[in-house]
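Student: File start.pdb follows (PDB, C-alpha atoms):
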MODEL        1
ATOM      1  CA  MET A   1      45.139 -21.609  22.468
ATOM      2  CA  GLY A   2      46.212 -24.267  25.008
ATOM      3  CA  LYS A   3      44.991 -24.572  28.578
ATOM      4  CA  GLY A   4      48.170 -22.985  29.942
ATOM      5  CA  GLN A   5      47.839 -19.997  27.649
ATOM      6  CA  SER A   6      44.122 -19.613  28.473
ATOM      7  CA  LYS A   7      44.845 -19.642  32.186
ATOM      8  CA  ARG A   8      47.637 -17.114  31.748
ATOM      9  CA  ALA A   9      45.370 -14.829  29.685
ATOM     10  CA  PHE A  10      42.641 -15.037  32.331
ATOM     11  CA  LEU A  11      45.047 -14.164  35.135
ATOM     12  CA  LEU A  12      46.388 -11.219  33.141
ATOM     13  CA  SER A  13      42.876  -9.908  32.549
ATOM     14  CA  VAL A  14      42.071 -10.188  36.278
ATOM     15  CA  ALA A  15      45.291  -8.370  37.127
ATOM     16  CA  ALA A  16      44.538  -5.629  34.623
ATOM     17  CA  PHE A  17      41.010  -5.166  36.000
ATOM     18  CA  THR A  18      42.304  -5.025  39.588
ATOM     19  CA  LEU A  19      44.946  -2.460  38.651
ATOM     20  CA  ALA A  20      42.393  -0.322  36.830
ATOM     21  CA  SER A  21      40.033  -0.465  39.805
ATOM     22  CA  THR A  22      42.822   0.500  42.184
ATOM     23  CA  ARG A  23      43.732   3.476  40.005
ATOM     24  CA  ALA A  24      40.075   4.526  39.840
ATOM     25  CA  ASP A  25      39.816   4.342  43.626
ATOM     26  CA  ALA A  26      42.939   6.460  43.910
ATOM     27  CA  VAL A  27      41.411   9.075  41.617
ATOM     28  CA  VAL A  28      38.248   9.148  43.733
ATOM     29  CA  GLU A  29      40.246   9.449  46.958
ATOM     30  CA  THR A  30      42.319  12.264  45.478
ATOM     31  CA  SER A  31      39.243  14.172  44.327
ATOM     32  CA  CYS A  32      37.622  13.709  47.753
ATOM     33  CA  ALA A  33      40.734  15.041  49.460
ATOM     34  CA  ASP A  34      40.782  17.978  47.069
ATOM     35  CA  GLU A  35      37.135  18.777  47.834
ATOM     36  CA  ASP A  36      37.939  18.694  51.530
ATOM     37  CA  GLY A  37      40.815  21.097  51.104
ATOM     38  CA  GLY A  38      43.430  18.354  51.220
ATOM     39  CA  GLY A  39      42.521  17.488  54.793
ATOM     40  CA  GLY A  40      41.310  13.952  54.195
ATOM     41  CA  ALA A  41      39.585  11.584  51.816
ATOM     42  CA  SER A  42      35.929  12.208  52.555
ATOM     43  CA  CYS A  43      33.208  12.720  49.979
ATOM     44  CA  GLY A  44      30.471  12.456  52.601
ATOM     45  CA  ALA A  45      29.457  10.108  55.349
ATOM     46  CA  SER A  46      28.388   6.582  54.547
ATOM     47  CA  SER A  47      24.796   5.521  55.127
ATOM     48  CA  SER A  48      25.834   3.563  58.245
ATOM     49  CA  GLU A  49      27.202   6.764  59.740
ATOM     50  CA  LEU A  50      23.965   8.633  59.060
ATOM     51  CA  GLY A  51      21.455   6.058  60.229
ATOM     52  CA  ARG A  52      18.721   4.559  58.120
ATOM     53  CA  TYR A  53      18.303   7.576  55.797
ATOM     54  CA  ALA A  54      20.981   9.808  54.287
ATOM     55  CA  THR A  55      19.076  13.083  54.772
ATOM     56  CA  TRP A  56      16.151  14.354  56.814
ATOM     57  CA  GLU A  57      14.178  14.695  53.591
ATOM     58  CA  ASP A  58      14.756  11.049  52.568
ATOM     59  CA  ALA A  59      12.884   9.703  55.584
ATOM     60  CA  PRO A  60       9.181   8.731  55.427
ATOM     61  CA  SER A  61       6.626  11.532  55.660
ATOM     62  CA  SER A  62       2.927  11.489  56.505
ATOM     63  CA  ALA A  63       2.282  14.714  54.568
ATOM     64  CA  GLU A  64      -0.512  13.132  52.538
ATOM     65  CA  GLU A  65      -2.413  12.316  55.725
ATOM     66  CA  PHE A  66      -1.589  15.203  58.062
ATOM     67  CA  ASP A  67      -0.528  18.218  55.996
ATOM     68  CA  HIS A  68      -3.034  20.907  54.998
ATOM     69  CA  ASP A  69      -2.988  24.419  53.527
ATOM     70  CA  ASN A  70      -3.769  26.422  56.698
ATOM     71  CA  ASP A  71      -7.137  27.595  55.424
ATOM     72  CA  GLU A  72      -8.328  30.577  57.465
ATOM     73  CA  SER A  73     -11.365  28.658  58.716
ATOM     74  CA  VAL A  74      -9.106  25.896  60.087
ATOM     75  CA  CYS A  75      -5.872  27.548  61.206
ATOM     76  CA  ARG A  76      -7.342  30.898  62.244
ATOM     77  CA  LEU A  77      -3.968  32.163  63.462
ATOM     78  CA  PRO A  78      -2.399  35.553  62.830
ATOM     79  CA  ILE A  79       0.390  34.835  60.314
ATOM     80  CA  VAL A  80       2.978  37.616  60.421
ATOM     81  CA  SER A  81       6.480  38.527  59.302
ATOM     82  CA  VAL A  82       9.412  38.832  61.713
ATOM     83  CA  GLU A  83       9.152  42.606  61.455
ATOM     84  CA  GLU A  84       5.443  42.518  62.311
ATOM     85  CA  TRP A  85       6.093  40.133  65.211
ATOM     86  CA  GLU A  86       8.628  42.523  66.721
ATOM     87  CA  ALA A  87       6.728  45.748  66.023
ATOM     88  CA  GLY A  88       3.517  44.303  67.452
ATOM     89  CA  ARG A  89       5.239  42.675  70.459
ATOM     90  CA  PHE A  90       2.950  39.678  69.999
ATOM     91  CA  TRP A  91       4.758  37.749  72.740
ATOM     92  CA  GLU A  92       3.037  39.996  75.269
ATOM     93  CA  GLY A  93      -0.378  38.820  74.103
ATOM     94  CA  ASP A  94      -2.481  35.743  74.842
ATOM     95  CA  VAL A  95      -3.077  34.619  71.241
ATOM     96  CA  PRO A  96      -0.913  32.053  69.381
ATOM     97  CA  VAL A  97       0.955  33.475  66.387
ATOM     98  CA  LEU A  98       2.699  31.940  63.359
ATOM     99  CA  VAL A  99       5.777  33.906  62.232
ATOM    100  CA  ARG A 100       7.354  33.391  58.809
ATOM    101  CA  ASN A 101      11.004  33.462  57.661
ATOM    102  CA  VAL A 102      12.441  33.372  61.174
ATOM    103  CA  THR A 103      15.466  31.298  60.125
ATOM    104  CA  ASP A 104      16.579  33.698  57.383
ATOM    105  CA  GLY A 105      20.308  34.168  57.995
ATOM    106  CA  TRP A 106      20.605  31.234  60.412
ATOM    107  CA  ARG A 107      23.702  29.077  59.964
ATOM    108  CA  ALA A 108      21.574  26.167  61.160
ATOM    109  CA  LEU A 109      20.222  25.895  57.605
ATOM    110  CA  GLU A 110      23.679  24.643  56.603
ATOM    111  CA  HIS A 111      25.032  23.277  59.856
ATOM    112  CA  TRP A 112      21.973  21.214  60.797
ATOM    113  CA  THR A 113      21.541  19.173  57.658
ATOM    114  CA  LYS A 114      21.769  15.579  58.790
ATOM    115  CA  GLU A 115      25.336  15.003  57.613
ATOM    116  CA  GLU A 116      26.607  18.334  58.958
ATOM    117  CA  LEU A 117      24.864  17.998  62.321
ATOM    118  CA  LEU A 118      26.506  14.627  62.897
ATOM    119  CA  ARG A 119      29.883  15.877  61.685
ATOM    120  CA  ARG A 120      29.915  19.055  63.763
ATOM    121  CA  TYR A 121      28.084  18.006  66.933
ATOM    122  CA  PRO A 122      28.256  14.202  67.272
ATOM    123  CA  ASP A 123      28.990  14.203  71.015
ATOM    124  CA  VAL A 124      26.519  16.864  72.175
ATOM    125  CA  MET A 125      24.368  15.398  74.954
ATOM    126  CA  VAL A 126      20.588  15.267  74.544
ATOM    127  CA  GLY A 127      17.707  13.737  76.478
ATOM    128  CA  MET A 128      15.402  11.285  74.707
ATOM    129  CA  GLY A 129      12.128   9.680  75.712
ATOM    130  CA  ARG A 130       8.770   8.527  74.382
ATOM    131  CA  SER A 131       6.717  11.443  73.103
ATOM    132  CA  ARG A 132       3.587  10.046  74.798
ATOM    133  CA  ASP A 133       5.367  10.050  78.168
ATOM    134  CA  LEU A 134       6.661  13.572  77.604
ATOM    135  CA  GLY A 135       3.151  14.751  76.854
ATOM    136  CA  GLN A 136       1.619  13.069  79.900
ATOM    137  CA  THR A 137       4.144  14.506  82.355
ATOM    138  CA  GLY A 138       4.759  17.745  80.513
ATOM    139  CA  PRO A 139       8.205  18.270  78.983
ATOM    140  CA  ASP A 140       9.409  20.328  81.955
ATOM    141  CA  ASP A 141       8.704  17.512  84.426
ATOM    142  CA  ALA A 142       9.800  14.553  82.308
ATOM    143  CA  GLY A 143      12.692  13.866  84.674
ATOM    144  CA  ASP A 144      13.565  10.183  84.876
ATOM    145  CA  LYS A 145      11.540   9.408  81.760
ATOM    146  CA  LEU A 146      14.422  10.878  79.743
ATOM    147  CA  THR A 147      17.597   8.996  78.899
ATOM    148  CA  LYS A 148      20.787  10.905  78.162
ATOM    149  CA  THR A 149      22.624  10.099  74.938
ATOM    150  CA  THR A 150      24.559  11.890  72.199
ATOM    151  CA  ILE A 151      23.145  13.432  69.048
ATOM    152  CA  LYS A 152      24.966  10.881  66.912
ATOM    153  CA  ASP A 153      23.838   7.891  68.946
ATOM    154  CA  PHE A 154      20.234   9.082  68.869
ATOM    155  CA  VAL A 155      20.135   9.780  65.128
ATOM    156  CA  VAL A 156      22.045   6.667  64.030
ATOM    157  CA  THR A 157      20.760   4.132  66.566
ATOM    158  CA  HIS A 158      17.425   5.239  68.036
ATOM    159  CA  MET A 159      15.655   7.723  65.787
ATOM    160  CA  HIS A 160      14.326   5.186  63.281
ATOM    161  CA  ASP A 161      14.498   2.071  65.423
ATOM    162  CA  PRO A 162      11.189   0.293  64.650
ATOM    163  CA  SER A 163      11.175  -1.326  68.091
ATOM    164  CA  GLY A 164      11.445   2.011  69.907
ATOM    165  CA  GLU A 165       9.769   5.395  69.934
ATOM    166  CA  LYS A 166      12.496   7.736  71.128
ATOM    167  CA  TYR A 167      12.217  11.488  70.678
ATOM    168  CA  VAL A 168      14.696  14.215  71.638
ATOM    169  CA  PHE A 169      12.858  16.880  73.604
ATOM    170  CA  ASP A 170      14.707  17.943  76.746
ATOM    171  CA  ARG A 171      14.035  21.585  77.554
ATOM    172  CA  LYS A 172      16.186  21.426  80.689
ATOM    173  CA  LEU A 173      19.347  20.504  78.815
ATOM    174  CA  ASN A 174      20.767  23.656  77.273
ATOM    175  CA  MET A 175      22.329  23.716  73.825
ATOM    176  CA  PRO A 176      26.116  24.345  73.657
ATOM    177  CA  ASP A 177      27.542  27.533  72.175
ATOM    178  CA  GLY A 178      28.066  26.207  68.640
ATOM    179  CA  LEU A 179      24.444  25.205  68.248
ATOM    180  CA  LEU A 180      23.289  28.456  69.845
ATOM    181  CA  GLU A 181      25.358  30.521  67.418
ATOM    182  CA  ASP A 182      23.695  28.658  64.548
ATOM    183  CA  CYS A 183      20.331  30.116  65.661
ATOM    184  CA  GLN A 184      21.226  33.795  65.501
ATOM    185  CA  PRO A 185      19.672  36.239  65.259
ATOM    186  CA  TYR A 186      17.444  34.845  68.006
ATOM    187  CA  PRO A 187      13.748  35.632  67.767
ATOM    188  CA  MET A 188      12.441  38.292  70.111
ATOM    189  CA  PRO A 189      12.009  38.380  73.042
ATOM    190  CA  THR A 190      14.810  35.834  73.622
ATOM    191  CA  ARG A 191      17.205  38.082  71.706
ATOM    192  CA  MET A 192      16.542  40.899  74.169
ATOM    193  CA  PHE A 193      17.871  38.809  77.058
ATOM    194  CA  ALA A 194      20.828  37.600  74.974
ATOM    195  CA  ASP A 195      21.716  41.213  74.206
ATOM    196  CA  TYR A 196      21.332  42.664  77.722
ATOM    197  CA  GLY A 197      21.636  39.582  79.919
ATOM    198  CA  ASP A 198      22.203  40.026  83.625
ATOM    199  CA  ALA A 199      21.605  43.788  83.551
ATOM    200  CA  LEU A 200      18.073  43.266  82.230
ATOM    201  CA  LYS A 201      17.444  40.454  84.690
ATOM    202  CA  GLY A 202      18.609  42.611  87.589
ATOM    203  CA  MET A 203      16.360  45.499  86.564
ATOM    204  CA  MET A 204      13.328  43.239  86.295
ATOM    205  CA  VAL A 205      13.950  41.547  89.646
ATOM    206  CA  SER A 206      14.390  44.956  91.281
ATOM    207  CA  ALA A 207      11.053  45.983  89.785
ATOM    208  CA  GLY A 208       9.383  42.971  91.403
ATOM    209  CA  VAL A 209       9.014  40.902  88.244
ATOM    210  CA  ARG A 210       8.972  37.177  88.987
ATOM    211  CA  GLU A 211      11.663  35.137  87.261
ATOM    212  CA  ASN A 212       9.181  32.629  85.827
ATOM    213  CA  THR A 213       7.662  35.436  83.768
ATOM    214  CA  MET A 214      10.954  36.453  82.138
ATOM    215  CA  TRP A 215      12.239  35.372  78.755
ATOM    216  CA  LYS A 216      15.838  34.279  79.272
ATOM    217  CA  ASN A 217      18.754  32.777  77.383
ATOM    218  CA  HIS A 218      17.475  29.209  77.227
ATOM    219  CA  LEU A 219      17.147  27.350  73.930
ATOM    220  CA  ALA A 220      16.694  23.596  73.493
ATOM    221  CA  LEU A 221      16.956  21.235  70.546
ATOM    222  CA  THR A 222      14.212  18.826  69.474
ATOM    223  CA  VAL A 223      14.681  16.029  66.927
ATOM    224  CA  GLY A 224      12.074  13.454  65.965
ATOM    225  CA  ARG A 225      10.843  11.273  63.144
ATOM    226  CA  ASP A 226       7.561  11.291  61.262
ATOM    227  CA  LEU A 227       4.376  10.954  63.355
ATOM    228  CA  GLN A 228       6.133  11.746  66.617
ATOM    229  CA  GLY A 229       5.164  14.685  68.776
ATOM    230  CA  LEU A 230       3.973  15.467  72.270
ATOM    231  CA  THR A 231       0.402  14.689  73.246
ATOM    232  CA  PHE A 232      -1.772  17.412  74.802
ATOM    233  CA  HIS A 233       0.050  19.375  77.492
ATOM    234  CA  ARG A 234       0.345  22.919  78.875
ATOM    235  CA  HIS A 235       3.193  25.095  80.140
ATOM    236  CA  ASN A 236       4.487  28.642  80.264
ATOM    237  CA  ALA A 237       4.613  30.794  77.124
ATOM    238  CA  ALA A 238       7.029  29.370  74.547
ATOM    239  CA  TRP A 239       8.102  29.573  70.923
ATOM    240  CA  ASN A 240       9.095  26.766  68.568
ATOM    241  CA  VAL A 241      11.087  27.265  65.349
ATOM    242  CA  VAL A 242      11.218  24.456  62.759
ATOM    243  CA  VAL A 243      14.544  24.266  60.917
ATOM    244  CA  PHE A 244      13.843  21.089  58.913
ATOM    245  CA  GLY A 245      10.533  19.286  58.419
ATOM    246  CA  SER A 246       7.003  20.353  59.396
ATOM    247  CA  LYS A 247       4.654  20.091  62.381
ATOM    248  CA  ARG A 248       0.874  19.825  62.676
ATOM    249  CA  TRP A 249      -0.437  21.677  65.739
ATOM    250  CA  ILE A 250      -3.771  21.445  67.554
ATOM    251  CA  LEU A 251      -4.143  24.294  70.078
ATOM    252  CA  TYR A 252      -7.006  24.832  72.563
ATOM    253  CA  ASP A 253      -7.783  28.171  74.211
ATOM    254  CA  ALA A 254      -6.539  28.562  77.793
ATOM    255  CA  GLU A 255      -9.632  30.547  78.773
ATOM    256  CA  ARG A 256     -11.918  27.809  77.504
ATOM    257  CA  ILE A 257     -10.414  25.276  79.904
ATOM    258  CA  ALA A 258      -9.521  27.540  82.832
ATOM    259  CA  GLY A 259     -10.879  25.864  85.956
ATOM    260  CA  ASN A 260     -12.672  23.257  83.856
ATOM    261  CA  LYS A 261     -10.692  20.029  84.027
ATOM    262  CA  THR A 262     -13.706  18.038  82.893
ATOM    263  CA  ARG A 263     -13.838  19.889  79.581
ATOM    264  CA  LEU A 264     -10.066  19.587  79.137
ATOM    265  CA  LYS A 265     -10.138  15.842  79.777
ATOM    266  CA  ARG A 266     -13.134  15.296  77.485
ATOM    267  CA  MET A 267     -11.419  17.233  74.692
ATOM    268  CA  THR A 268      -7.975  15.708  74.931
ATOM    269  CA  ARG A 269      -8.708  12.098  75.881
ATOM    270  CA  ASP A 270     -11.008   9.205  75.226
ATOM    271  CA  VAL A 271     -12.761   9.159  78.604
ATOM    272  CA  ASN A 272     -13.497   5.472  78.154
ATOM    273  CA  ASN A 273      -9.833   4.635  77.651
ATOM    274  CA  PRO A 274      -7.324   5.357  80.452
ATOM    275  CA  VAL A 275      -4.390   5.207  78.021
ATOM    276  CA  GLN A 276      -3.758   8.556  76.360
ATOM    277  CA  LEU A 277      -3.657   8.310  72.575
ATOM    278  CA  THR A 278      -0.619   9.422  70.608
ATOM    279  CA  SER A 279      -0.989  12.717  68.755
ATOM    280  CA  PRO A 280      -1.598  11.185  65.304
ATOM    281  CA  ASN A 281      -4.135   8.739  66.732
ATOM    282  CA  TRP A 282      -5.968  11.560  68.506
ATOM    283  CA  ILE A 283      -6.450  13.201  65.099
ATOM    284  CA  ARG A 284      -7.438   9.900  63.493
ATOM    285  CA  LYS A 285      -9.812   8.628  66.179
ATOM    286  CA  LEU A 286     -11.067  11.487  68.374
ATOM    287  CA  TYR A 287     -10.841  14.758  66.456
ATOM    288  CA  HIS A 288     -14.003  14.074  64.446
ATOM    289  CA  MET A 289     -15.970  12.664  67.409
ATOM    290  CA  ASP A 290     -18.392  14.540  69.662
ATOM    291  CA  GLU A 291     -17.796  18.269  69.981
ATOM    292  CA  ARG A 292     -13.999  18.304  69.533
ATOM    293  CA  MET A 293     -13.712  19.645  65.992
ATOM    294  CA  ASP A 294     -16.330  22.303  66.636
ATOM    295  CA  GLU A 295     -14.475  23.372  69.774
ATOM    296  CA  ILE A 296     -11.119  23.616  67.962
ATOM    297  CA  ARG A 297     -12.651  25.473  65.019
ATOM    298  CA  ASN A 298     -14.226  28.026  67.365
ATOM    299  CA  HIS A 299     -11.928  28.111  70.386
ATOM    300  CA  GLY A 300      -8.633  26.814  69.045
ATOM    301  CA  HIS A 301      -6.404  26.353  66.028
ATOM    302  CA  ASP A 302      -5.373  23.547  63.661
ATOM    303  CA  CYS A 303      -2.253  24.659  61.798
ATOM    304  CA  VAL A 304       0.754  23.315  59.919
ATOM    305  CA  GLN A 305       4.101  24.922  60.714
ATOM    306  CA  ARG A 306       6.734  24.584  58.004
ATOM    307  CA  ALA A 307      10.515  24.922  57.949
ATOM    308  CA  GLY A 308      11.618  28.467  58.697
ATOM    309  CA  GLU A 309       8.493  29.347  60.690
ATOM    310  CA  MET A 310       8.018  30.019  64.390
ATOM    311  CA  LEU A 311       4.899  29.184  66.367
ATOM    312  CA  TYR A 312       4.272  31.143  69.570
ATOM    313  CA  VAL A 313       2.136  29.379  72.209
ATOM    314  CA  PRO A 314       0.868  31.560  75.094
ATOM    315  CA  ARG A 315       0.842  30.378  78.684
ATOM    316  CA  GLY A 316      -1.784  27.774  79.548
ATOM    317  CA  TRP A 317      -2.883  26.857  76.022
ATOM    318  CA  ALA A 318      -3.359  23.100  75.660
ATOM    319  CA  HIS A 319      -1.575  21.855  72.545
ATOM    320  CA  MET A 320      -0.359  18.734  70.798
ATOM    321  CA  VAL A 321       2.012  18.251  67.864
ATOM    322  CA  VAL A 322       2.541  15.742  65.059
ATOM    323  CA  ASN A 323       5.821  15.729  63.136
ATOM    324  CA  ILE A 324       5.427  15.508  59.375
ATOM    325  CA  GLY A 325       8.636  13.807  58.255
ATOM    326  CA  ASP A 326      11.941  13.965  60.115
ATOM    327  CA  THR A 327      11.784  17.253  61.989
ATOM    328  CA  VAL A 328      14.493  19.348  63.654
ATOM    329  CA  ALA A 329      13.438  22.351  65.730
ATOM    330  CA  VAL A 330      14.582  24.677  68.491
ATOM    331  CA  VAL A 331      12.424  25.927  71.358
ATOM    332  CA  SER A 332      12.523  28.552  74.092
ATOM    333  CA  GLU A 333      10.185  28.822  77.060
ATOM    334  CA  ARG A 334       9.577  31.846  79.269
ATOM    335  CA  GLY A 335      11.067  31.377  82.711
ATOM    336  CA  LEU A 336      13.612  28.697  81.836
ATOM    337  CA  ASP A 337      17.326  29.319  82.356
ATOM    338  CA  ALA A 338      20.246  27.502  80.818
ATOM    339  CA  MET A 339      20.057  24.931  83.622
ATOM    340  CA  GLU A 340      22.410  22.162  82.579
ATOM    341  CA  PRO A 341      25.643  22.470  80.550
TER     342      PRO A 341
ENDMDL
END
Would you give me this structure, written as structure tokens?
Tutor:
Amino acid sequence: MGKGQSKRAFLLSVAAFTLASTRADAVVETSCADEDGGGGASCGASSSELGRYATWEDAPSSAEEFDHDNDESVCRLPIVSVEEWEAGRFWEGDVPVLVRNVTDGWRALEHWTKEELLRRYPDVMVGMGRSRDLGQTGPDDAGDKLTKTTIKDFVVTHMHDPSGEKYVFDRKLNMPDGLLEDCQPYPMPTRMFADYGDALKGMMVSAGVRENTMWKNHLALTVGRDLQGLTFHRHNAAWNVVVFGSKRWILYDAERIAGNKTRLKRMTRDVNNPVQLTSPNWIRKLYHMDERMDEIRNHGHDCVQRAGEMLYVPRGWAHMVVNIGDTVAVVSERGLDAMEP
């Protein structure tokens, strides 16, 4: 075969390959459109649209270091079903409680996967800040330490940025209706307010009940990566439901530290270091020192909360949290309204 014929054969083979590739792409596009009901050629978001990891589960997890099996001698919490939680009205008590299977029936299980969350709610506004700052000020008083952004911008740009430590935890920014509907049926007692609303509020105010003691219609979204979580802080009674991921909790009895700031400071901080440690470093460096572990084992709780579970924290209990893997959760605190749209 001469040079001219060889060149012609090569060009024909390139043309044939290009044509075949184009046809294959067309088949893929057609099948994607079919899967989407004919509404567009989308077989799922690209990795650049989802951030560094395609799913919450693909992201790094510190389970080997921070997970445990909630042995009774360590966790020491009542662990109850939703039915037991409601029948026992545990939210009226002063003991933390772990409630299982709270998200059964929630649309959030489908709508809050990473791809779906970014597809359905990309422009929802959230507040992000450093978890250490949020712990030091308390999440209710974080104020100017929070920066407003969108869910998509946070997840794609900030969540796994190695040069930053941003965490979505803004309890004063209420979730929009779509996200709220994904969390129904609400846990009690929040569901009670959602069902009876202003009538219930009016009755309680007339009876002399202070508003900061009422459970209202406020829910807030939290999203963070592995090893994030608020350092020791206290606030009004609240519940936290994990939808994806897990959380390690250290809780310290409110009565044990009532009027005793010295004990609280000695337990939660390195008194020789003015900089408060992050939650994982508190476990690594301080938990096993001095009397801390003995105090938690006798006057507190060390528990792992998994997806689908709710942890109830009574008023005044000091607590800190460590995310185990990418974690998405929703919280409600007694006394908080839906303050910002």
Student: How many Å lie between atom CA of Phe244 of chain A and atom CA of Gly129 of chain A, rounded to one decimal?
Tutor: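 The value is 20.4 Å.
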Student: From (13.0, 34.4, 68.6), in the file's coordinates, out to 12 Å: which residues are reached, counting all atoms listed in the file? Answer as a ChimeraX atom specification.
Tutor: /A:82-83,85-86,89-91,98-104,106,180,183-194,215-219,238-242,308-312,330-334
Student: Between atom CA of Tyr53 of chain A and atom CA of Val304 of chain A, what is the distance in Å, rounded to a tenth?
Tutor: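 Answer for the atom CA of Tyr53 of chain A to atom CA of Val304 of chain A separation: 23.9 Å.
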Student: Quick check, in Å to one decimal: how far apart do atom CA of Met289 of chain A and atom CA of Leu277 of chain A lie?
Tutor: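 Calculated distance between atom CA of Met289 of chain A and atom CA of Leu277 of chain A is 14.0 Å.
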Student: Find, counting only C-alpha atoms, the residue in A:Asn323, A:Ser73, A:Ser62, A:Ser81 that gets nearest to Asp302 of chain A.
Tutor: A:Ser73
Student: If we count all atoms listed in the file and set the cut-off at 12 Å, which residues sit around Asp161 of chain A, ignoring sequence neighbours fewer than 4 positions away in its own chain? Please answer as a ChimeraX atom specification.
Tutor: /A:51-53,153-157,165-167,224-225
Student: Quick one: apply the PyMOL selection byres ((chain A and resi 220-222) around 6) to the file and drop the selected residues here as a list in words.
Tutor: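 Taken over the shown coordinates, the PyMOL selection byres ((chain A and resi 220-222) around 6) returns Val168, Phe169, Arg171, Asn174, Met175, Leu219, Val223, Val328, Ala329, Val330 and Val331 of chain A.
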Student: Need to verify the contact set: Ala258 of chain A, 12 Å, all atoms listed in the file, exclusion of same-chain residues closer than 2 positions in sequence. Can you return it as a list in words?
Tutor: Arg234, Tyr252, Asp253, Ala254, Glu255, Arg256, Asn260, Lys261, Thr262, Arg263, Leu264, Arg315, Gly316, Trp317 and Ala318 of chain A
Student: Grab the residues selected above and save them as a compact mmCIF listing (two decimals), in the coordinates of the input with C-alpha atoms.
Tutor:
# COMPACT_ATOMS: atom_id res chain seq x y z
CA ARG A 234 0.34 22.92 78.88
CA TYR A 252 -7.01 24.83 72.56
CA ASP A 253 -7.78 28.17 74.21
CA ALA A 254 -6.54 28.56 77.79
CA GLU A 255 -9.63 30.55 78.77
CA ARG A 256 -11.92 27.81 77.50
CA ASN A 260 -12.67 23.26 83.86
CA LYS A 261 -10.69 20.03 84.03
CA THR A 262 -13.71 18.04 82.89
CA ARG A 263 -13.84 19.89 79.58
CA LEU A 264 -10.07 19.59 79.14
CA ARG A 315 0.84 30.38 78.68
CA GLY A 316 -1.78 27.77 79.55
CA TRP A 317 -2.88 26.86 76.02
CA ALA A 318 -3.36 23.10 75.66
Student: On this structure, the PyMOL selection byres ((chain A and resi 67) around 10) would catch which residues? List them as a JSON list (two decimals) with C-alpha atoms, in the coordinates of the input, sorted by chain and number.
Tutor:
[["chain", "number", "residue", "atom", "x", "y", "z"],
["A", 61, "SER", "CA", 6.63, 11.53, 55.66],
["A", 62, "SER", "CA", 2.93, 11.49, 56.50],
["A", 63, "ALA", "CA", 2.28, 14.71, 54.57],
["A", 64, "GLU", "CA", -0.51, 13.13, 52.54],
["A", 65, "GLU", "CA", -2.41, 12.32, 55.72],
["A", 66, "PHE", "CA", -1.59, 15.20, 58.06],
["A", 68, "HIS", "CA", -3.03, 20.91, 55.00],
["A", 69, "ASP", "CA", -2.99, 24.42, 53.53],
["A", 70, "ASN", "CA", -3.77, 26.42, 56.70],
["A", 246, "SER", "CA", 7.00, 20.35, 59.40],
["A", 247, "LYS", "CA", 4.65, 20.09, 62.38],
["A", 248, "ARG", "CA", 0.87, 19.82, 62.68],
["A", 303, "CYS", "CA", -2.25, 24.66, 61.80],
["A", 304, "VAL", "CA", 0.75, 23.32, 59.92],
["A", 305, "GLN", "CA", 4.10, 24.92, 60.71],
["A", 306, "ARG", "CA", 6.73, 24.58, 58.00],
["A", 322, "VAL", "CA", 2.54, 15.74, 65.06],
["A", 323, "ASN", "CA", 5.82, 15.73, 63.14],
["A", 324, "ILE", "CA", 5.43, 15.51, 59.38]]
Student: Of the residues A:Gly325, A:Leu336, A:Pro122, A:Ile257, which is the one nearest to Asp170 of chain A, using all atoms listed in the file?
Tutor: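 For Asp170 of chain A, the nearest of the given residues is A:Leu336.
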Student: Looking at A:Leu227, A:Val95, A:Ala307, A:Met267, which one is nearest to Tyr287 of chain A, with distances taken over all atoms listed in the file?
Tutor: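 Result for the nearest residue to Tyr287 of chain A: A:Met267.
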Student: Residues at most 9 Å from Gly335 of chain A, counting only C-alpha atoms, excluding those fewer than 6 positions away in the same chain, as an MDAnalysis selection string?
Tutor: chainID A and resid 210:216 218 236:237
Student: Give me the result of the PyMOL selection byres ((chain A and resi 148) around 8) on this file, residue by residue, as a PyMOL selection string.
Tutor: chain A and resi 125-128+146-147+149-150
Student: With all atoms listed in the file as the atoms that count, which of A:Gln276, A:Asp94, A:Arg266, A:Val271 lies nearest to Glu291 of chain A?
Tutor: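 Nearest to Glu291 of chain A: A:Arg266.
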Student: Return the single residue from A:Pro96, A:Pro162, A:Asp58, A:His319 that is closest to Lys114 of chain A, with distances computed using all atoms listed in the file.
Tutor: A:Asp58
Student: Near Met293 of chain A, within 12 Å and counting all atoms listed in the file, which residues show up once chain neighbours fewer than 4 positions away are dropped, as a ChimeraX atom specification?
Tutor: /A:73-74,250-252,267-268,282-289,297-302
